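Comments concern the structure below.
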Protein chains: 2
Amino acid sequence: MRAVTVDPQGTRFTDRHEPPSPDGNDVLIRVLGAGICETDLQLVRGYMGFRGVLGHEFVGVVETGAWRGRRVVGEINCSCGTCAECRNGLQNHCPHRTVLGILNRDGAFADFVSLPLENLHPVPESVSDVDAVFTEPLAAAFQIPAQIALQSEQEVIVLGDGRLGNLCAQVLKLSGCRVTVVGKHERKLALVARLGISSVALDDLEVRRCADLVIDCTGSPTGLPLALRLVRPRGTIVLKTTVAGEQTLALAPIVIDEVTIVGSRCGPFERALQALERREIDVSSLVDGVLPLEQAVSALDRARTEPVFKLLLAVDVGFGSH
Amino acid sequence: MRAVTVDPQGTRFTDRHEPPSPDGNDVLIRVLGAGICETDLQLVRGYMGFRGVLGHEFVGVVETGAWRGRRVVGEINCSCGTCAECRNGLQNHCPHRTVLGILNRDGAFADFVSLPLENLHPVPESVSDVDAVFTEPLAAAFQIPAQIALQSEQEVIVLGDGRLGNLCAQVLKLSGCRVTVVGKHERKLALVARLGISSVALDDLEVRRCADLVIDCTGSPTGLPLALRLVRPRGTIVLKTTVAGEQTLALAPIVIDEVTIVGSRCGPFERALQALERREIDVSSLVDGVLPLEQAVSALDRARTEPVFKLLLAVDVGFGSH
């Protein structure tokens with residue numbers, strides 16, 4: 001089958017990759033389309049030492065088992081089901097987990113992918129293929145209200161005007177917060193404004209410690225130090241993006257101002273699909289292009305070097321017809 | 001009056017310091033005795049650039065106003081009462097605050113000290129002078145259950161076997177947690193064991209990610225990185241001690257394991273005094289010596305260089321008679 005693979009020698013498109021052979025509770029899924037995420041760009045640069053097929057945001061059609069023929073999206077963490085974390089409802093934190101296209105499991109930039117049946121969610125009829133690809137990152141944004149008790153009228157600053165920053169801002173606005181997005185890209189900030197959300201260029205930002213909540217979606221070592229200068233005493237900072245390697249910062253302000261820092265990763269697919277079905281969140285405005293799978297390597301390069309929001313890969317010729 | 005002062009030239013005892021002249025709502029307090037804290041040792045080394053009289057843990061007798069003659073302890077943050085933080089009940093975080101013996105306000109290593117009346121708490125008759133000096137650090141330990149919803153039987157690791165680590169461990173045990181103290185000092189760990197709390201030497205610690213809660217009382221840049229290797233996914237780390245300067249660490253595990261980090265500083269005096277009155281917490285075992293105020297400079301030196309728990313300064317000859 002066709003697939004986009006990464007290993008220490010580089011990132012490659014091939015049309016001779018062995019298709020997955022599902023075992024146990026896994027089912028085979030024919031991929032319709034997939035999305036390129038910041039994590040993919042990091043994996044291409046060697047983050048986590050991943051080898052295999054890239055891709056963890058996708059929509060597809062089940063090919064085997066009881067759900068055959070259903071259009072689905074899939075949660076990316078595949079847990080063992082028997083360890084202490086799994087028994088305590090923390091399957092996403094199973095120490096034995098594999099993660100689709102990220103950790104010890106081939107991903108969705110390919111004709112076929114394999115996932116356990118319990119990871120799959122049927123896509124509602126009214127949700128388009130393109131919108132469905134956003135389920136995974138949108139779920140990650142909905143993890144914020146799942147972890148933190150938000151109050152309406154709270155002052156929230158989202159650092160980062162990219163894909164995830166945009167989705168987090170929309171989710172927090174939906175929760176009644178007063179949201180401002182801080183970014184570096186005129187075009188991306190203009191989209192934020194069109195969605196009815198305040199935006200400000202980083203260079204024009206007035207740095208004052210008055211935000212109740214700061215969401216770091218920068219993917220940059222500068223994110224947390226800036227967040228600490230914007231959050232009010234007893235306020236909360238949510239770290240939404242991982243930064244590879246080590247970074248240097250002063251921790252004393254965390255103690256003196258009694259700040260809470262919350263790490264936040266994958267989130268609830270049910271809520272994300274519901275929001276897409278109800279059209280509570282606009283994801284289609286984020287699509288900057290749909291490219292065939294064969295052009296994945298140049299698409300990854302473009303996502304890394306140009307200020308695009310979201311590039312999608314059309315794996316099946318029918319992608320986008322729904 | 002007699003006083004112990006710090007400035008960029010060093011730390012000094014003097015018997016010719018100008019006594020405070022209380023204005024506004026401040027009252028004059030005759031100091032009976034005071035305690036040496038880790039923060040004092042940092043201030044002596046230049047932390048926060050403090051100049052003035054040291055000391056923020058004390059017991060004294062009110063000399064002026066309606067409370068004259070009462071034995072009191074005092075909260076250390078003196079707020080403006082009018083800013084947004086003060087109006088929102090965050091007086092301890094008032095940006096205009098002075099802090100006793102720490103920030104723009106002379107402290108209690110002196111014959112007299114001045115504090116606003118609203119900062120004072122009467123010491124219950126059954127609480128000794130010596131125990132009363134521990135009100136401030138014990139309140140800081142009680143800030144943990146004030147900030148975090150603790151569950152009984154939670155696995156808690158306290159990093160640091162010193163004064164604050166010991167008090168935090170006792171408070172968390174009182175809350176029903178299963179507490180283990182990790183430290184470097186045989187004698188200090190032995191005291192922890194005598195208090196009925198598990199203890200383990202740092203060198204013998206089995207590093208596994210299974211603690212629900214880790215309290216960093218190390219005052220060291222090594223504290224947080226170790227805490228991140230001990231806390232379970234979705235667990236909480238409380239930073240109880242400030243570390244001056246910057247430090248380097250990997251932040252990705254905070255996001256991947258969805259860890260919460262909570263900065264924690266000053267706490268509720270009422271609860272600390274209640275615990276001392278009910279004898280729920282043993283503080284007197286922590287006293288390693290009581291020295292006259294004249295010997296404060298060598299006492300500070302001893303607190304810095306020897307593995308002592310707590311050295312107290314007898315300011316008034318009557319200190320300890322109650």
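Ordered as shown in the structure tokens, chains take letters A, B, and onward, while each chain numbers its residues from 1 and ligands are numbered from 1 in the order shown.
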
Test item: residues at most 12 Å from Glu136 in chain A, only C-alpha atoms, excluding those fewer than 2 positions along its chain, as a PyMOL selection string
chain A and resi 34-37+55-59+72-77+100+119-121+131-134+138-143+163-164+167+265-273+276+283

Check: which chain B residues lie within 8 Å of chain A using only C-alpha atoms, as a list in words: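 My answer is His93, Pro233, Leu239, Lys240, Thr241, Thr242, Val243, Ala244, Gly245, Glu246, Gln247, Thr248, Leu249, Ala250, Leu251, Ala252, Ile254, Val255, Ile256, Asp257, Glu258, Val259, Thr260, Ile261, Val262, Gly263, Ser264 and Arg265 of chain B.
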
Between A:Leu291, A:Leu41, A:Val113, A:Cys168, which has the minimum distance to Ser21 in chain A (counting only C-alpha atoms)?
->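 With only C-alpha atoms as the atom set, the closest residue is A:Val113.
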
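Compared by their closest atoms to Val44 in chain A, and using only C-alpha atoms, the residues A:Leu103, A:Leu300, A:Leu172, A:Val308 rank with A:Leu300 nearest.
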
For each of B:Leu293, B:Ala227, B:Ile197, B:Leu150, take the minimum atom-to-atom distance to Lys173 in chain B, counting only C-alpha atoms, then give the residue where this is smallest.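 The shortest atom-to-atom distance to Lys173 in chain B comes from B:Ile197.
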
Point to revise | Expected answer as a PyMOL selection string: alpha helix (DSSP H) residues in range 41-260 of chain B | key: chain B and resi 41-44+84-87+129-133+135-147+163-174+186-194+223-230+252-256

* Asked: Can you tell me, as a PyMOL selection string, what residues are no more than 10 Å from Ala169 in chain B when counting only C-alpha atoms, ignoring any on the same chain fewer than 6 positions away?
  -> chain B and resi 141+156-161+175+177-181+192+195+197-198+215

Check: Hey, which of A:Ala3, A:Leu312, A:Val62, A:Leu213 ends up closest to Ile148 in chain A? Count only C-alpha atoms.
Finding: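 Distance minimum relative to Ile148 in chain A lands on A:Leu213.
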
Quick one: distance from CA of Ala201 in chain A to CA of Glu186 in chain A in Å, one decimal?
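Rounded to one decimal, the two atoms are 7.6 Å apart.
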
* To do: Write down as a VMD selection string the residues of range 70-195 of chain B whose backbone DSSP state falls under strand (DSSP E or B).
  => chain B and resid 71 to 74 77 to 78 98 to 99 103 110 112 to 116 120 to 122 155 to 159 178 to 183

Mind checking which residues fall within 10 Å of Pro19 in chain B, counting only C-alpha atoms, ignoring those fewer than 5 positions away in the same chain, and posting them as a list in words?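 Near neighbours after the sequence-gap exclusion: Met1, Arg2, Ala3, Leu28, Asp106, Ala110, Asp111, Phe112, Val113 and Ser114 of chain B.
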
Those same residues - all heavy atoms - I'd like them written as a PDB file, in the first residue's frame.
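New file again_26.pdb:
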```pdb
ATOM      1  N   MET B   1      17.070  50.408  69.804  1.00  0.00           N
ATOM      2  CA  MET B   1      16.746  49.029  70.203  1.00  0.00           C
ATOM      3  C   MET B   1      17.746  48.066  69.557  1.00  0.00           C
ATOM      4  O   MET B   1      18.481  48.414  68.657  1.00  0.00           O
ATOM      5  CB  MET B   1      15.313  48.665  69.761  1.00  0.00           C
ATOM      6  CG  MET B   1      15.148  48.579  68.242  1.00  0.00           C
ATOM      7  SD  MET B   1      13.514  47.937  67.746  1.00  0.00           S
ATOM      8  CE  MET B   1      13.758  47.836  65.968  1.00  0.00           C
ATOM      9  N   ARG B   2      17.719  46.798  70.024  1.00  0.00           N
ATOM     10  CA  ARG B   2      18.559  45.776  69.415  1.00  0.00           C
ATOM     11  C   ARG B   2      17.886  45.255  68.138  1.00  0.00           C
ATOM     12  O   ARG B   2      16.653  45.164  68.085  1.00  0.00           O
ATOM     13  CB  ARG B   2      18.782  44.625  70.398  1.00  0.00           C
ATOM     14  CG  ARG B   2      19.489  45.044  71.700  1.00  0.00           C
ATOM     15  CD  ARG B   2      19.504  43.868  72.679  1.00  0.00           C
ATOM     16  NE  ARG B   2      18.136  43.386  72.899  1.00  0.00           N
ATOM     17  CZ  ARG B   2      17.837  42.160  73.318  1.00  0.00           C
ATOM     18  NH1 ARG B   2      18.796  41.300  73.584  1.00  0.00           N
ATOM     19  NH2 ARG B   2      16.581  41.804  73.501  1.00  0.00           N
ATOM     20  N   ALA B   3      18.681  44.919  67.125  1.00  0.00           N
ATOM     21  CA  ALA B   3      18.119  44.411  65.871  1.00  0.00           C
ATOM     22  C   ALA B   3      19.195  43.698  65.072  1.00  0.00           C
ATOM     23  O   ALA B   3      20.390  43.964  65.247  1.00  0.00           O
ATOM     24  CB  ALA B   3      17.531  45.550  65.038  1.00  0.00           C
ATOM     25  N   LEU B  28       2.449  48.682  67.658  1.00  0.00           N
ATOM     26  CA  LEU B  28       3.797  48.295  68.075  1.00  0.00           C
ATOM     27  C   LEU B  28       3.708  46.990  68.865  1.00  0.00           C
ATOM     28  O   LEU B  28       2.820  46.818  69.705  1.00  0.00           O
ATOM     29  CB  LEU B  28       4.395  49.405  68.945  1.00  0.00           C
ATOM     30  CG  LEU B  28       5.892  49.305  69.231  1.00  0.00           C
ATOM     31  CD1 LEU B  28       6.704  49.588  67.970  1.00  0.00           C
ATOM     32  CD2 LEU B  28       6.283  50.296  70.340  1.00  0.00           C
ATOM     33  N   ASP B 106      10.645  46.219  57.930  1.00  0.00           N
ATOM     34  CA  ASP B 106      11.535  45.655  58.940  1.00  0.00           C
ATOM     35  C   ASP B 106      10.871  44.494  59.667  1.00  0.00           C
ATOM     36  O   ASP B 106       9.675  44.519  59.954  1.00  0.00           O
ATOM     37  CB  ASP B 106      11.931  46.746  59.945  1.00  0.00           C
ATOM     38  CG  ASP B 106      13.063  47.627  59.405  1.00  0.00           C
ATOM     39  OD1 ASP B 106      13.764  47.177  58.468  1.00  0.00           O
ATOM     40  OD2 ASP B 106      13.238  48.741  59.921  1.00  0.00           O
ATOM     41  N   ALA B 110      14.327  41.720  66.450  1.00  0.00           N
ATOM     42  CA  ALA B 110      14.506  43.044  67.055  1.00  0.00           C
ATOM     43  C   ALA B 110      13.633  43.125  68.302  1.00  0.00           C
ATOM     44  O   ALA B 110      12.724  42.311  68.488  1.00  0.00           O
ATOM     45  CB  ALA B 110      14.093  44.137  66.064  1.00  0.00           C
ATOM     46  N   ASP B 111      13.892  44.136  69.145  1.00  0.00           N
ATOM     47  CA  ASP B 111      13.083  44.290  70.356  1.00  0.00           C
ATOM     48  C   ASP B 111      11.635  44.621  70.036  1.00  0.00           C
ATOM     49  O   ASP B 111      10.720  44.200  70.743  1.00  0.00           O
ATOM     50  CB  ASP B 111      13.693  45.385  71.241  1.00  0.00           C
ATOM     51  CG  ASP B 111      14.957  44.908  71.943  1.00  0.00           C
ATOM     52  OD1 ASP B 111      14.934  43.778  72.484  1.00  0.00           O
ATOM     53  OD2 ASP B 111      15.966  45.653  71.931  1.00  0.00           O
ATOM     54  N   PHE B 112      11.433  45.407  68.972  1.00  0.00           N
ATOM     55  CA  PHE B 112      10.065  45.803  68.615  1.00  0.00           C
ATOM     56  C   PHE B 112       9.840  45.635  67.124  1.00  0.00           C
ATOM     57  O   PHE B 112      10.770  45.762  66.317  1.00  0.00           O
ATOM     58  CB  PHE B 112       9.813  47.272  68.998  1.00  0.00           C
ATOM     59  CG  PHE B 112       9.865  47.507  70.480  1.00  0.00           C
ATOM     60  CD1 PHE B 112      11.038  47.984  71.081  1.00  0.00           C
ATOM     61  CD2 PHE B 112       8.763  47.236  71.280  1.00  0.00           C
ATOM     62  CE1 PHE B 112      11.098  48.191  72.444  1.00  0.00           C
ATOM     63  CE2 PHE B 112       8.823  47.443  72.662  1.00  0.00           C
ATOM     64  CZ  PHE B 112       9.997  47.922  73.246  1.00  0.00           C
ATOM     65  N   VAL B 113       8.597  45.383  66.784  1.00  0.00           N
ATOM     66  CA  VAL B 113       8.203  45.268  65.390  1.00  0.00           C
ATOM     67  C   VAL B 113       6.834  45.931  65.250  1.00  0.00           C
ATOM     68  O   VAL B 113       6.090  46.057  66.228  1.00  0.00           O
ATOM     69  CB  VAL B 113       8.188  43.777  64.961  1.00  0.00           C
ATOM     70  CG1 VAL B 113       7.054  43.014  65.624  1.00  0.00           C
ATOM     71  CG2 VAL B 113       8.134  43.630  63.465  1.00  0.00           C
ATOM     72  N   SER B 114       6.530  46.366  64.027  1.00  0.00           N
ATOM     73  CA  SER B 114       5.260  47.040  63.785  1.00  0.00           C
ATOM     74  C   SER B 114       4.496  46.296  62.698  1.00  0.00           C
ATOM     75  O   SER B 114       5.066  45.895  61.681  1.00  0.00           O
ATOM     76  CB  SER B 114       5.577  48.479  63.343  1.00  0.00           C
ATOM     77  OG  SER B 114       4.485  49.054  62.678  1.00  0.00           O
TER      78      SER B 114
END
```

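By chain and then residue number, the residues within 8 Å of range 288-290 of chain A are Val308, Phe309, Lys310, Leu311, Leu312, Leu313 and Ala314 of chain A, counting only C-alpha atoms and disregarding those fewer than 5 positions away in sequence.
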
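Checking A:Ser285, A:Thr218, A:Thr11, A:Asn25 one by one against Thr64 in chain A, counting only C-alpha atoms, you find the shortest gap at A:Asn25.
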
Inset, instruction - Would you mind telling me which residue in A:Gln274, A:Ser79, A:Asn104, A:Asn166 lies nearest to Gly183 in chain A when using only C-alpha atoms? - result: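 Smallest distance to Gly183 in chain A is found for A:Asn166.
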